[in-house]
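Peer 1: I have a structure here, written as structure tokens, and I will follow up with some questions on it.
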Amino acid sequence: MVAVDYKDLGSRIRIKRKEHKMSQEELAGKAQLSTQHISNVENARSKIGLEKLVDIANVLDCSLDELACGSVNSGRTVYNREIAEMIEDFSDTQRRALPKFLRDFNYLYKLMEIEYEKQNE
């Protein structure tokens, strides 16, 4: 069983809210929640129920998987879309550097995983 990543969930709600140029107060009003609860959810100080998460997703005109992909095994589609959107804004120079950067990142990430496993043995 995978635990819900409430920090990632809150961050994604905040990002979507800002994309809609909406304040916490506006989101709270439209989702019939308190502003304090929205703040607590965005900062991972409170959990949120499925019904209210659906309300927020509807207000933000997005899917649940867009908000919860950090906790869902099949979140890969959302991440791929986010990466593709980022790359669209890259210059030609940035695009040329990206494959090497990703190979280096992958190598370093694997080294960190190995080190983490050694420390937790």
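So you can find residues: chains in the structure tokens are A, B, ... in the order shown, residues in each start at 1, and ligands are numbered from 1 in order.
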Could the residues of range 37-66 of chain A that have an atom at most 10 Å from range 18-24 of chain A be listed as a Markdown table, each with its closest atom pair and the distance in Å to one decimal, counting only C-alpha atoms and ordered by chain and ascending residue number?
Peer 2:
| residue | atom | partner | partner_atom | distance |
| --- | --- | --- | --- | --- |
| A:His37 | CA | A:Gln24 | CA | 9.4 |
| A:Ile38 | CA | A:Gln24 | CA | 6.4 |
| A:Ser39 | CA | A:Gln24 | CA | 7.0 |
| A:Glu42 | CA | A:Gln24 | CA | 9.4 |
| A:Val59 | CA | A:His20 | CA | 9.6 |
| A:Leu60 | CA | A:His20 | CA | 7.1 |
| A:Asp61 | CA | A:His20 | CA | 9.1 |
Peer 1: Between CA of Tyr79 in chain A and CA of Leu67 in chain A, what is the distance in Å, rounded to a tenth?
Peer 2: 11.2 Å
Peer 1: To test your reading of the structure, identify every residue in range 23-108 of chain A that backbone DSSP assigns to alpha helix (DSSP H), and report it as a PyMOL selection string.
Peer 2: chain A and resi 24-31+35-42+50-59+64-68+76-88+92-108
Peer 1: Just how far from CA of Lys47 in chain A is CA of Ser34 in chain A, in Å to one decimal?
Peer 2: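 Computed distance, CA of Ser34 in chain A to CA of Lys47 in chain A, equals 13.6 Å.
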